Every structure is written in structure tokens, then in C-alpha cells.
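Asker: The structure that follows is given in the form of C-alpha cells.
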Amino acid sequence: MKRWGLWFLGLVAVIVVAAAAFFFLPHRLDAVASPGPAAGPDLIARGEYVAQAADCAACHSVPGGKPFAGGLPFTLGFGTIYAPNITPDKETGIGTWSDAEFVRAMRHGVGKAGEDLYPAFPYAAYALMSDEDILAVKAYLSSLTPVRAQAPANDLKFPFNQRYLMRAWKLLFLPGERMTPDPSHPPEWNRGAYLVEALGHCGECHTPRNALFALDQERKFAGAEAAGWKAYNISSDKQTGIGDWTDRQLTDYLSKGHAEGRGSASGSMAEVVDHSLRHLTPEDIRAMVAYLRTVPPQTSDLAAAINPNPPAAKAPSPYAPPPDENTRETVGLKLFQGACASCHGWNGEGLQHSHAGLAGSQSVNDPKGTNALNVILHGARMDTPDGEVFMPGFAAGYTDVEIAAVTNYVLGHFGGKQAAVSPADVAAARR
Ligand code: HEC
Ligand code: HEC
Ligand code: HEC
């Protein structure tokens, strides 16, 4: 009830501000300096790099489809919207967009016909980008082969299908200015801030949202739920964030998707690493780490704090032969022995590949088991410099009772956590 009350108040506020904004804010096109003679291979290459750092392909492609051809659905509480085609196709893509129109979309969330765009397109982050970087992305996208593909029409309930309501949202939450260097910090930190805040839009997943779907910047990077996954606390808090990680661990996690003693990136973070972060230069990764170090600490779920010495995994001989009786613990242990131990081993360091190291991983320390359960059901993969690492999904071969048992076993053995993932949780995560 309380939540609905908040929503309703929020909605009234939005409508009042929207009415005002509707009359006072015509969408104008700012003049943008044309890239001029630089619009050659260098600009295109720069645009490709910026587009990778900003991870445009993650949302504007469907798995197995042509990059940037759109069609990916975003299911929001009040309907579904689809990422459009941003290849240079003249009818179904952005082939006829001017530079100024493209800059306006990225900076003000406005479409070609002047319509307001939904903030599922993270323009609140891209608004911080420099004109030069935005135009470089445009030059890169324009250099691609046009793909003819019409994204499905959005399916939103009234009043959320009224695009002009976004004007109120923008008035409240869109940064008015692009990012300027903070002279009290060195250039490396400023580059990191730009990569994390403007391009990487890390907060879109890692920062909790308020009732109006805007990021709660008071709790920057405190962790949030993102499409069925937990995007963990990445503030500098030592217990529940990344304050205790070494520079090496952070650098490895971001650039390779795995850090010794911290586990592997799965789910949407695996995609962020795969499509975006692993393509960045070592200097840029270092700059991001320098900036992340200074994000003020936020305490989140203390029950999920990493247990550095889970007694079972750190025992001198951590493998315990299964006792005879079939208790809930032994069902999980036997499943782990049969289906998982050949890759993961028993001491948390990983047998098949270092990526299979589970020691210190946030996922096996979260007693709710959200991400561990997703990985066990759906599997995981990651490209590394020495080839693909892979874990099969177990959704098809095991019952909800078995998956719950092996998940609880893993959280107990590798996290030292008393977990209570239920078969009903498994059934929900299957969907
Ligand atoms: C988190 C997902 C996400 C990311 C990342 C993202 N977009 Fe989008 N984008 C969307 C969605 C969803 C829409 C549709 C919004 C709407 O319909 O109101 C959109 C709309 C657009 C539009 C308007 C197109 C049109 O036909 O109206 C452009 C241009 C665009 N994005 C470019 C980009 C570029 C360039 C990047 C990378 C710098 C990017 N997007 C990254 C989700 C994303
Ligand atoms: C699309 C959503 C999304 C975006 C964008 C995103 N992350 Fe993540 N991130 C996640 C999820 C989900 C996890 C948990 C992954 C897992 O369980 O393996 C995660 C995990 C992490 C972790 C590990 C935390 C821990 O305690 O294990 C770090 C560090 C991290 N992200 C940094 C970043 C940075 C830096 C950016 C921006 C460049 C970023 N993320 C952008 C979803 C996202
Ligand atoms: C073929 C080898 C293989 C098998 C079999 C396997 N795994 Fe994995 N597992 C991996 C690899 C490799 C990763 C890391 C994937 C990555 O880097 O994206 C992983 C990741 C995980 C994670 C996430 C770790 C993290 O840090 O977020 C969990 C939890 C997990 N496995 C549990 C299991 C369980 C339980 C089983 C048995 C039911 C199992 N695995 C079977 C190879 C395997």
C-alpha cells in the first residue's frame, strides 16, 4: 500500500511538472561542430572504441542477431519497449539522422521526430559525454553496413505510453551539463570518472532506483537488482563493497571477468566484460579502478559479506566423503561430487580453469543465492585470451529440489553460509 501511495504521489508530481515542462521546453536542435576533415578512419576507429566502452551493442542487438540492428525487449513494470535499429539503414535505422539529431538523442533523450525517449536508453549517463565522442560514435555507426530490421512497436500501458511525461522526468533527473574535469583530482581519475559515469553507465545496474525509476545518487553503487540478477555493491565499502579488493583483483575482474580469490563475472556482468570492458586499454581499466576507489562507501547486506575462511572449503582436507543417510546436505554434496567437482574442485581454487575458482566469490557468499542459482540453472561462458571458458547449465537435467540442494551446498561449503534456497525459488528462477 505504502509503495502504491508513493507511486501515486510520484505520478501526480510527474503530471504537474510535465504540464509545465510541456509548454516551456520546446526541443531545439543545438548547432554541433561538424567533425570536418577528421571524419576519416581515425574518427571511425575512435567511435568504435567509444561505442565499445559505452556498450551500445549490448542493448541494440539480440543474441545471435546483427550488431546494432535492435529488437531487444526491455520488460518494465508497466509494459515492454524495444531497442531500435541504429545501423545506417535509411528506413528502419538512423541512416537519415543528422549529426545534430544524433547529439540531441544522446544528450537530451529526444528522437528524430522530436519525441521524448524512455530512460531505459541510458541517456542520463550519455548526456555527460563530450560532443567529440558522440560524433565519433555516429561516424562509426554510419560506417557500418545498413541492416533492414524494424524493431517491434512498444507495448506500454496508459499513462506510460505518453512520451511527453518523460519531459518531467528529464527536468528532474537529466544532468544539465556534460562532464568537466575536476581539477582537485589527477587526469587518470578524471578519465576513470568519465569511463565509469558517462560511457560505462555502471550505475544503471549497480545503483538503487527511487520510486520514479531514477538512480538514487545518494546511494551510488550500493548494489541493485537488475533483470533477475544482483548487481553487487561496488562502492568502496570494505565489508559489503569492493573496498577490500586489491588493484590487481579489480583490474583482472574488469578486464578478464575473473579475479583470483573473488570469483567470476556472470550474467549481465559477463556481457559487460565480454562486449565492452575486455576491449579497453590497460590504461583505461586502471583509470576506472582509480575512480572506483574514491566512490564513498555504502553498506549493503551484511549477511552477504565475504567469509574469507569458509571452514569446509579451507579445512586441511576439504573433501568430506558422503555419509550414508540421505539428508538434505548429503543430496547437495553428492550432486556436487558427481556434476561439479571435476571443474570446481573442493578447495575453492578451481580445477578445470582458474575461472572455476569459487573462493571469495560474492555469489557463493550471498545467502539468498540469487546469482549462484542463475549460473547453476543457465550456465556461464566467457571469452579469455586463451579461449572460451564454459560451464553448462543444469536446468534441464535436475529437479527443483536437486538444484536447491546443490545451491545450498555450494553456499555452505564455499561461503560458509547457512543458505535456504527453496525449490520454489528455483522454480521462479527457471522463468
Ligand atoms: C541499457 C540499454 C541501452 C544502451 C546501453 C544503449 N541504448 Fe540506445 N536505446 C535503448 C532503448 C531501449 C531505446 C528506445 C527508447 C525509446 O523507445 O524511447 C534506445 C534508443 C536509442 C536511439 C534513438 C533511436 C530511434 O530510432 O529513436 C539512439 C540513436 C540510440 N539509442 C543510440 C545509442 C548509442 C549510440 C548507444 C551507445 C553509446 C546506446 N544507444 C546505448 C537502449 C540502450
Ligand atoms: C547490465 C548491468 C550491469 C552493468 C551495466 C554493470 N554491471 Fe557490474 N555487475 C552486474 C552484475 C549482475 C554483477 C554480478 C555478477 C556475478 O554474480 O557474477 C556485477 C558485478 C560487478 C563486480 C563484482 C562485484 C563483486 O562483489 O563480486 C564489479 C567490480 C562490477 N560489476 C563493476 C562494474 C563496473 C565498473 C561497471 C561499469 C563499467 C559495471 N559493473 C557495469 C551488472 C552490471
Ligand atoms: C565444465 C566445467 C564446469 C562444471 C561441470 C560446473 N562448473 Fe560451475 N563454473 C565453471 C566455470 C568455468 C565458471 C566461471 C564461468 C565464467 O568465467 O564466466 C563457473 C561458475 C560457477 C559459479 C559462479 C561463480 C562466481 O564467481 O560467480 C557457480 C556458483 C558454479 N559455477 C557452481 C557450479 C555447480 C553447483 C555445478 C554443478 C551442478 C557446476 N558449477 C558445474 C565450470 C564448471
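FYI, nothing fancy with the C-alpha cells labels: chains A, B, ... in order, residues from 1 per chain, ligands from 1 as they appear.
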Please return as a PyMOL selection string the residues found within 8 Å of ligand 2, counting only C-alpha atoms and all ligand atoms.
Answerer: chain A and resi 53+195-197+199-206+225-226+229-234+240-242+250+253-254+262-272+277+288-289+292+361-363+371-372
Asker: Select the residues contacting ligand 3 at a distance of at most 6 Å, based on only C-alpha atoms and all ligand atoms, then format the selection as a list in words.
Answerer: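 For ligand 3, the residues inside 6 Å are Gly263, Ser264, Ala265, Ser266, Phe336, Ala339, Cys340, Cys343, His355, Ala356, Leu358, Ser361, Ser363, Val364, Ala372, Val375, Ile376, Ala380, Arg381, Met382, Val389, Phe390, Met391, Val406 and Thr407 of chain A.
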Asker: Using DSSP on the backbone, list every residue of range 59-251 of chain A that comes out as helix (DSSP H, G or I), and give them as number ranges by chain.
Answerer: A: 59, 99-108, 123-126, 131-142, 165-173, 187-199, 203-206, 217-219, 247-251
Asker: Counting only C-alpha atoms and all ligand atoms, give me one row per residue of chain A with an atom at most 7 Å from an atom of ligand 1, showing the shortest contact pair and its distance in Å to one decimal, sorted by chain then residue number, as CSV.
Answerer:
residue,atom,partner,partner_atom_place_in_ligand_line,distance
A:Ala51,CA,ligand 1,38 (C),5.2
A:Ala54,CA,ligand 1,38 (C),4.9
A:Asp55,CA,ligand 1,5 (C),5.3
A:Cys56,CA,ligand 1,37 (C),3.4
A:Ala57,CA,ligand 1,41 (C),6.9
A:Ala58,CA,ligand 1,5 (C),6.0
A:Cys59,CA,ligand 1,2 (C),4.3
A:His60,CA,ligand 1,7 (N),6.1
A:Phe74,CA,ligand 1,12 (C),6.5
A:Ile81,CA,ligand 1,12 (C),6.2
A:Tyr82,CA,ligand 1,12 (C),5.4
A:Ala83,CA,ligand 1,11 (C),4.0
A:Pro84,CA,ligand 1,26 (O),5.2
A:Asn85,CA,ligand 1,26 (O),6.5
A:Ile86,CA,ligand 1,29 (C),6.1
A:Gly93,CA,ligand 1,26 (O),6.4
A:Ile94,CA,ligand 1,26 (O),6.3
A:Phe102,CA,ligand 1,29 (C),5.8
A:Ala105,CA,ligand 1,29 (C),5.7
A:Met106,CA,ligand 1,32 (C),6.7
A:Gly111,CA,ligand 1,27 (O),4.4
A:Lys112,CA,ligand 1,27 (O),6.1
A:Asp116,CA,ligand 1,18 (O),6.5
A:Leu117,CA,ligand 1,18 (O),3.3
A:Tyr118,CA,ligand 1,18 (O),3.8
A:Pro119,CA,ligand 1,15 (C),6.8
A:Ala120,CA,ligand 1,12 (C),4.9
A:Phe121,CA,ligand 1,10 (C),3.6
A:Pro122,CA,ligand 1,1 (C),5.7
A:Tyr126,CA,ligand 1,38 (C),6.8
A:Val137,CA,ligand 1,35 (C),6.2
A:Lys138,CA,ligand 1,35 (C),7.0
Asker: Report the residues of range 116-209 of chain A whose backbone DSSP state falls under strand (DSSP E or B), written as a PyMOL selection string.
Answerer: chain A and resi 116+155-156+209
Asker: Which polymer residues have any atom within 10 Å of an atom of Asn309 in chain A, counting only C-alpha atoms, with same-chain residues fewer than 2 positions away left out, as a list of chain:residue names?
Answerer: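 Surrounding residues, per the criterion: A:Ile306, A:Asn307, A:Pro311, A:Ala312, A:Ala313, A:Lys314, A:Ala315, A:Ala359, A:Gly360, A:Phe414, A:Gly415, A:Gly416.
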Asker: How about saving the chosen residues, all heavy atoms kept, as a PDB file, in the first residue's frame?
Answerer:
ATOM      1  N   ILE A 306      31.675 -11.193   2.498  1.00  0.00           N
ATOM      2  CA  ILE A 306      32.503 -12.364   2.147  1.00  0.00           C
ATOM      3  C   ILE A 306      33.075 -13.007   3.411  1.00  0.00           C
ATOM      4  O   ILE A 306      33.658 -12.340   4.254  1.00  0.00           O
ATOM      5  CB  ILE A 306      33.687 -11.942   1.246  1.00  0.00           C
ATOM      6  CG1 ILE A 306      33.224 -11.146   0.035  1.00  0.00           C
ATOM      7  CG2 ILE A 306      34.537 -13.156   0.863  1.00  0.00           C
ATOM      8  CD1 ILE A 306      32.578 -11.944  -1.048  1.00  0.00           C
ATOM      9  N   ASN A 307      32.926 -14.305   3.518  1.00  0.00           N
ATOM     10  CA  ASN A 307      33.590 -15.061   4.576  1.00  0.00           C
ATOM     11  C   ASN A 307      34.915 -15.570   4.003  1.00  0.00           C
ATOM     12  O   ASN A 307      34.936 -16.447   3.137  1.00  0.00           O
ATOM     13  CB  ASN A 307      32.694 -16.240   4.997  1.00  0.00           C
ATOM     14  CG  ASN A 307      33.345 -17.079   6.084  1.00  0.00           C
ATOM     15  OD1 ASN A 307      34.539 -16.942   6.353  1.00  0.00           O
ATOM     16  ND2 ASN A 307      32.568 -17.949   6.698  1.00  0.00           N
ATOM     17  N   PRO A 311      34.817 -22.682   6.698  1.00  0.00           N
ATOM     18  CA  PRO A 311      35.503 -23.802   7.356  1.00  0.00           C
ATOM     19  C   PRO A 311      35.590 -25.052   6.487  1.00  0.00           C
ATOM     20  O   PRO A 311      36.641 -25.709   6.471  1.00  0.00           O
ATOM     21  CB  PRO A 311      34.648 -24.063   8.606  1.00  0.00           C
ATOM     22  CG  PRO A 311      33.560 -23.041   8.625  1.00  0.00           C
ATOM     23  CD  PRO A 311      33.688 -22.155   7.447  1.00  0.00           C
ATOM     24  N   ALA A 312      34.544 -25.383   5.728  1.00  0.00           N
ATOM     25  CA  ALA A 312      34.574 -26.635   4.970  1.00  0.00           C
ATOM     26  C   ALA A 312      35.599 -26.583   3.842  1.00  0.00           C
ATOM     27  O   ALA A 312      36.410 -27.493   3.672  1.00  0.00           O
ATOM     28  CB  ALA A 312      33.183 -26.940   4.422  1.00  0.00           C
ATOM     29  N   ALA A 313      35.594 -25.481   3.069  1.00  0.00           N
ATOM     30  CA  ALA A 313      36.498 -25.406   1.924  1.00  0.00           C
ATOM     31  C   ALA A 313      37.940 -25.217   2.369  1.00  0.00           C
ATOM     32  O   ALA A 313      38.876 -25.625   1.682  1.00  0.00           O
ATOM     33  CB  ALA A 313      36.080 -24.273   0.992  1.00  0.00           C
ATOM     34  N   LYS A 314      38.161 -24.564   3.539  1.00  0.00           N
ATOM     35  CA  LYS A 314      39.534 -24.282   3.978  1.00  0.00           C
ATOM     36  C   LYS A 314      40.090 -25.356   4.917  1.00  0.00           C
ATOM     37  O   LYS A 314      41.205 -25.227   5.404  1.00  0.00           O
ATOM     38  CB  LYS A 314      39.593 -22.911   4.677  1.00  0.00           C
ATOM     39  CG  LYS A 314      39.279 -21.744   3.754  1.00  0.00           C
ATOM     40  CD  LYS A 314      40.323 -21.575   2.654  1.00  0.00           C
ATOM     41  CE  LYS A 314      39.855 -20.580   1.603  1.00  0.00           C
ATOM     42  NZ  LYS A 314      40.540 -20.634   0.350  1.00  0.00           N
ATOM     43  N   ALA A 315      39.310 -26.405   5.165  1.00  0.00           N
ATOM     44  CA  ALA A 315      39.806 -27.485   6.020  1.00  0.00           C
ATOM     45  C   ALA A 315      41.034 -28.119   5.364  1.00  0.00           C
ATOM     46  O   ALA A 315      41.179 -28.068   4.148  1.00  0.00           O
ATOM     47  CB  ALA A 315      38.712 -28.526   6.216  1.00  0.00           C
ATOM     48  N   ALA A 359      36.326 -19.549  -4.416  1.00  0.00           N
ATOM     49  CA  ALA A 359      36.683 -18.948  -3.128  1.00  0.00           C
ATOM     50  C   ALA A 359      36.530 -17.434  -3.176  1.00  0.00           C
ATOM     51  O   ALA A 359      36.957 -16.796  -4.145  1.00  0.00           O
ATOM     52  CB  ALA A 359      38.124 -19.301  -2.770  1.00  0.00           C
ATOM     53  N   GLY A 360      35.908 -16.865  -2.162  1.00  0.00           N
ATOM     54  CA  GLY A 360      35.808 -15.416  -2.069  1.00  0.00           C
ATOM     55  C   GLY A 360      34.796 -14.796  -3.001  1.00  0.00           C
ATOM     56  O   GLY A 360      34.623 -13.580  -3.014  1.00  0.00           O
ATOM     57  N   PHE A 414      31.500 -23.250   0.152  1.00  0.00           N
ATOM     58  CA  PHE A 414      32.452 -22.240  -0.334  1.00  0.00           C
ATOM     59  C   PHE A 414      32.246 -20.866   0.293  1.00  0.00           C
ATOM     60  O   PHE A 414      33.128 -20.012   0.214  1.00  0.00           O
ATOM     61  CB  PHE A 414      32.388 -22.132  -1.859  1.00  0.00           C
ATOM     62  CG  PHE A 414      32.839 -23.383  -2.550  1.00  0.00           C
ATOM     63  CD1 PHE A 414      31.913 -24.275  -3.083  1.00  0.00           C
ATOM     64  CD2 PHE A 414      34.189 -23.697  -2.644  1.00  0.00           C
ATOM     65  CE1 PHE A 414      32.319 -25.439  -3.706  1.00  0.00           C
ATOM     66  CE2 PHE A 414      34.606 -24.863  -3.275  1.00  0.00           C
ATOM     67  CZ  PHE A 414      33.678 -25.742  -3.806  1.00  0.00           C
ATOM     68  N   GLY A 415      31.050 -20.644   0.889  1.00  0.00           N
ATOM     69  CA  GLY A 415      30.807 -19.347   1.504  1.00  0.00           C
ATOM     70  C   GLY A 415      30.662 -19.431   3.016  1.00  0.00           C
ATOM     71  O   GLY A 415      30.609 -18.400   3.680  1.00  0.00           O
ATOM     72  N   GLY A 416      30.573 -20.647   3.536  1.00  0.00           N
ATOM     73  CA  GLY A 416      30.335 -20.805   4.966  1.00  0.00           C
ATOM     74  C   GLY A 416      29.002 -20.205   5.377  1.00  0.00           C
ATOM     75  O   GLY A 416      28.826 -19.762   6.506  1.00  0.00           O
TER      76      GLY A 416
END
Asker: Give me, as JSON lines, the closest atom pair and its distance (Å, one decimal) for every residue of range 245-274 of chain A within a cut-off of 10 Å of range 280-287 of chain A, counting only C-alpha atoms, rows sorted by chain and rising number.
Answerer:
{"residue": "A:Asp247", "atom": "CA", "partner": "A:Arg286", "partner_atom": "CA", "distance": 8.3}
{"residue": "A:Arg248", "atom": "CA", "partner": "A:Arg286", "partner_atom": "CA", "distance": 9.5}
{"residue": "A:Leu250", "atom": "CA", "partner": "A:Arg286", "partner_atom": "CA", "distance": 9.0}
{"residue": "A:Thr251", "atom": "CA", "partner": "A:Ile285", "partner_atom": "CA", "distance": 6.4}
{"residue": "A:Asp252", "atom": "CA", "partner": "A:Ile285", "partner_atom": "CA", "distance": 9.2}
{"residue": "A:Leu254", "atom": "CA", "partner": "A:Ile285", "partner_atom": "CA", "distance": 7.2}
{"residue": "A:Ser255", "atom": "CA", "partner": "A:Ile285", "partner_atom": "CA", "distance": 7.0}
{"residue": "A:Val273", "atom": "CA", "partner": "A:Leu280", "partner_atom": "CA", "distance": 9.7}
Asker: Dump N, CA and C atoms for the selected residues as a compact mmCIF listing (two decimals), in the first residue's frame?
Answerer:
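Generated file (out-v2.txt):
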# COMPACT_ATOMS: atom_id res chain seq x y z
N ASP A 247 44.11 -3.80 -6.16
CA ASP A 247 44.06 -3.21 -7.51
C ASP A 247 44.11 -4.32 -8.56
N ARG A 248 44.95 -5.30 -8.31
CA ARG A 248 45.10 -6.41 -9.25
C ARG A 248 43.76 -7.15 -9.44
N LEU A 250 40.71 -6.01 -8.93
CA LEU A 250 39.74 -5.18 -9.67
C LEU A 250 40.08 -5.12 -11.16
N THR A 251 41.37 -4.94 -11.43
CA THR A 251 41.81 -4.86 -12.83
C THR A 251 41.51 -6.16 -13.56
N ASP A 252 41.81 -7.28 -12.92
CA ASP A 252 41.56 -8.59 -13.55
C ASP A 252 40.07 -8.82 -13.75
N LEU A 254 37.63 -6.66 -14.11
CA LEU A 254 37.06 -5.82 -15.16
C LEU A 254 37.59 -6.22 -16.54
N SER A 255 38.88 -6.54 -16.63
CA SER A 255 39.44 -6.77 -17.96
C SER A 255 39.33 -8.22 -18.42
N VAL A 273 31.65 -7.38 -19.56
CA VAL A 273 33.07 -7.66 -19.75
C VAL A 273 33.32 -8.09 -21.20
Asker: Identify which of the residues A:Ala69, A:Leu128, A:Ala149, A:Ala13 lies closest to Trp169 in chain A, counting only C-alpha atoms when measuring atom-to-atom distances.
Answerer: A:Ala13
Asker: Can you pull out every residue within 8 Å of Thr80 in chain A, counting only C-alpha atoms, but drop anything in the same chain fewer than 5 positions away, and send it as a PDB file with N, CA and C atoms, in the first residue's frame?
Answerer:
ATOM      1  N   PRO A  73      13.984  -6.731 -26.290  1.00  0.00           N
ATOM      2  CA  PRO A  73      12.890  -6.223 -25.452  1.00  0.00           C
ATOM      3  C   PRO A  73      13.362  -5.816 -24.063  1.00  0.00           C
ATOM      4  N   PHE A  74      12.781  -4.754 -23.518  1.00  0.00           N
ATOM      5  CA  PHE A  74      13.013  -4.335 -22.136  1.00  0.00           C
ATOM      6  C   PHE A  74      11.685  -4.396 -21.419  1.00  0.00           C
ATOM      7  N   THR A  75      11.554  -5.367 -20.506  1.00  0.00           N
ATOM      8  CA  THR A  75      10.295  -5.531 -19.813  1.00  0.00           C
ATOM      9  C   THR A  75      10.322  -4.685 -18.559  1.00  0.00           C
ATOM     10  N   ASN A 154       6.573  -0.482 -29.324  1.00  0.00           N
ATOM     11  CA  ASN A 154       6.492  -0.575 -27.866  1.00  0.00           C
ATOM     12  C   ASN A 154       5.082  -0.952 -27.433  1.00  0.00           C
ATOM     13  N   ASP A 155       5.000  -1.617 -26.304  1.00  0.00           N
ATOM     14  CA  ASP A 155       3.703  -2.035 -25.791  1.00  0.00           C
ATOM     15  C   ASP A 155       3.608  -1.562 -24.344  1.00  0.00           C
ATOM     16  N   LEU A 156       3.124  -0.333 -24.152  1.00  0.00           N
ATOM     17  CA  LEU A 156       3.086   0.273 -22.821  1.00  0.00           C
ATOM     18  C   LEU A 156       1.660   0.670 -22.465  1.00  0.00           C
TER      19      LEU A 156
END
Asker: Please, what distance in Å, to one decimal, runs between CA of Pro296 in chain A and CA of Phe221 in chain A?
Answerer: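 Taking CA of Pro296 in chain A and CA of Phe221 in chain A, their separation equals 9.0 Å.
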Asker: Just to confirm, what's the straight-line distance from CA of Ala151 in chain A to CA of Gly71 in chain A in Å (one decimal)?
Answerer: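 Computing the Euclidean distance for CA of Ala151 in chain A and CA of Gly71 in chain A yields 4.6 Å.
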Asker: Measure the distance from CA of Asp89 in chain A to CA of Lys66 in chain A in Å and round it to one decimal.
Answerer: 12.7 Å
Asker: Which residues are near Glu402 in chain A? Cut-off 9 Å, only C-alpha atoms, ignore same chain within fewer than 3 positions. Put them as a JSON list (two decimals) with C-alpha atoms, in the first residue's frame.
Answerer:
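What ended up in selection.json:
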[["chain", "number", "residue", "atom", "x", "y", "z"],
["A", 331, "VAL", "CA", 21.86, -34.74, -1.55],
["A", 332, "GLY", "CA", 23.66, -31.46, -2.35],
["A", 335, "LEU", "CA", 25.29, -33.81, -6.65],
["A", 398, "TYR", "CA", 17.80, -31.69, -12.45],
["A", 399, "THR", "CA", 14.64, -31.16, -10.42],
["A", 405, "ALA", "CA", 20.12, -28.75, -2.62],
["A", 406, "VAL", "CA", 23.28, -28.26, -4.69],
["A", 407, "THR", "CA", 22.97, -24.45, -4.47],
["A", 423, "PRO", "CA", 12.57, -25.44, -4.60]]
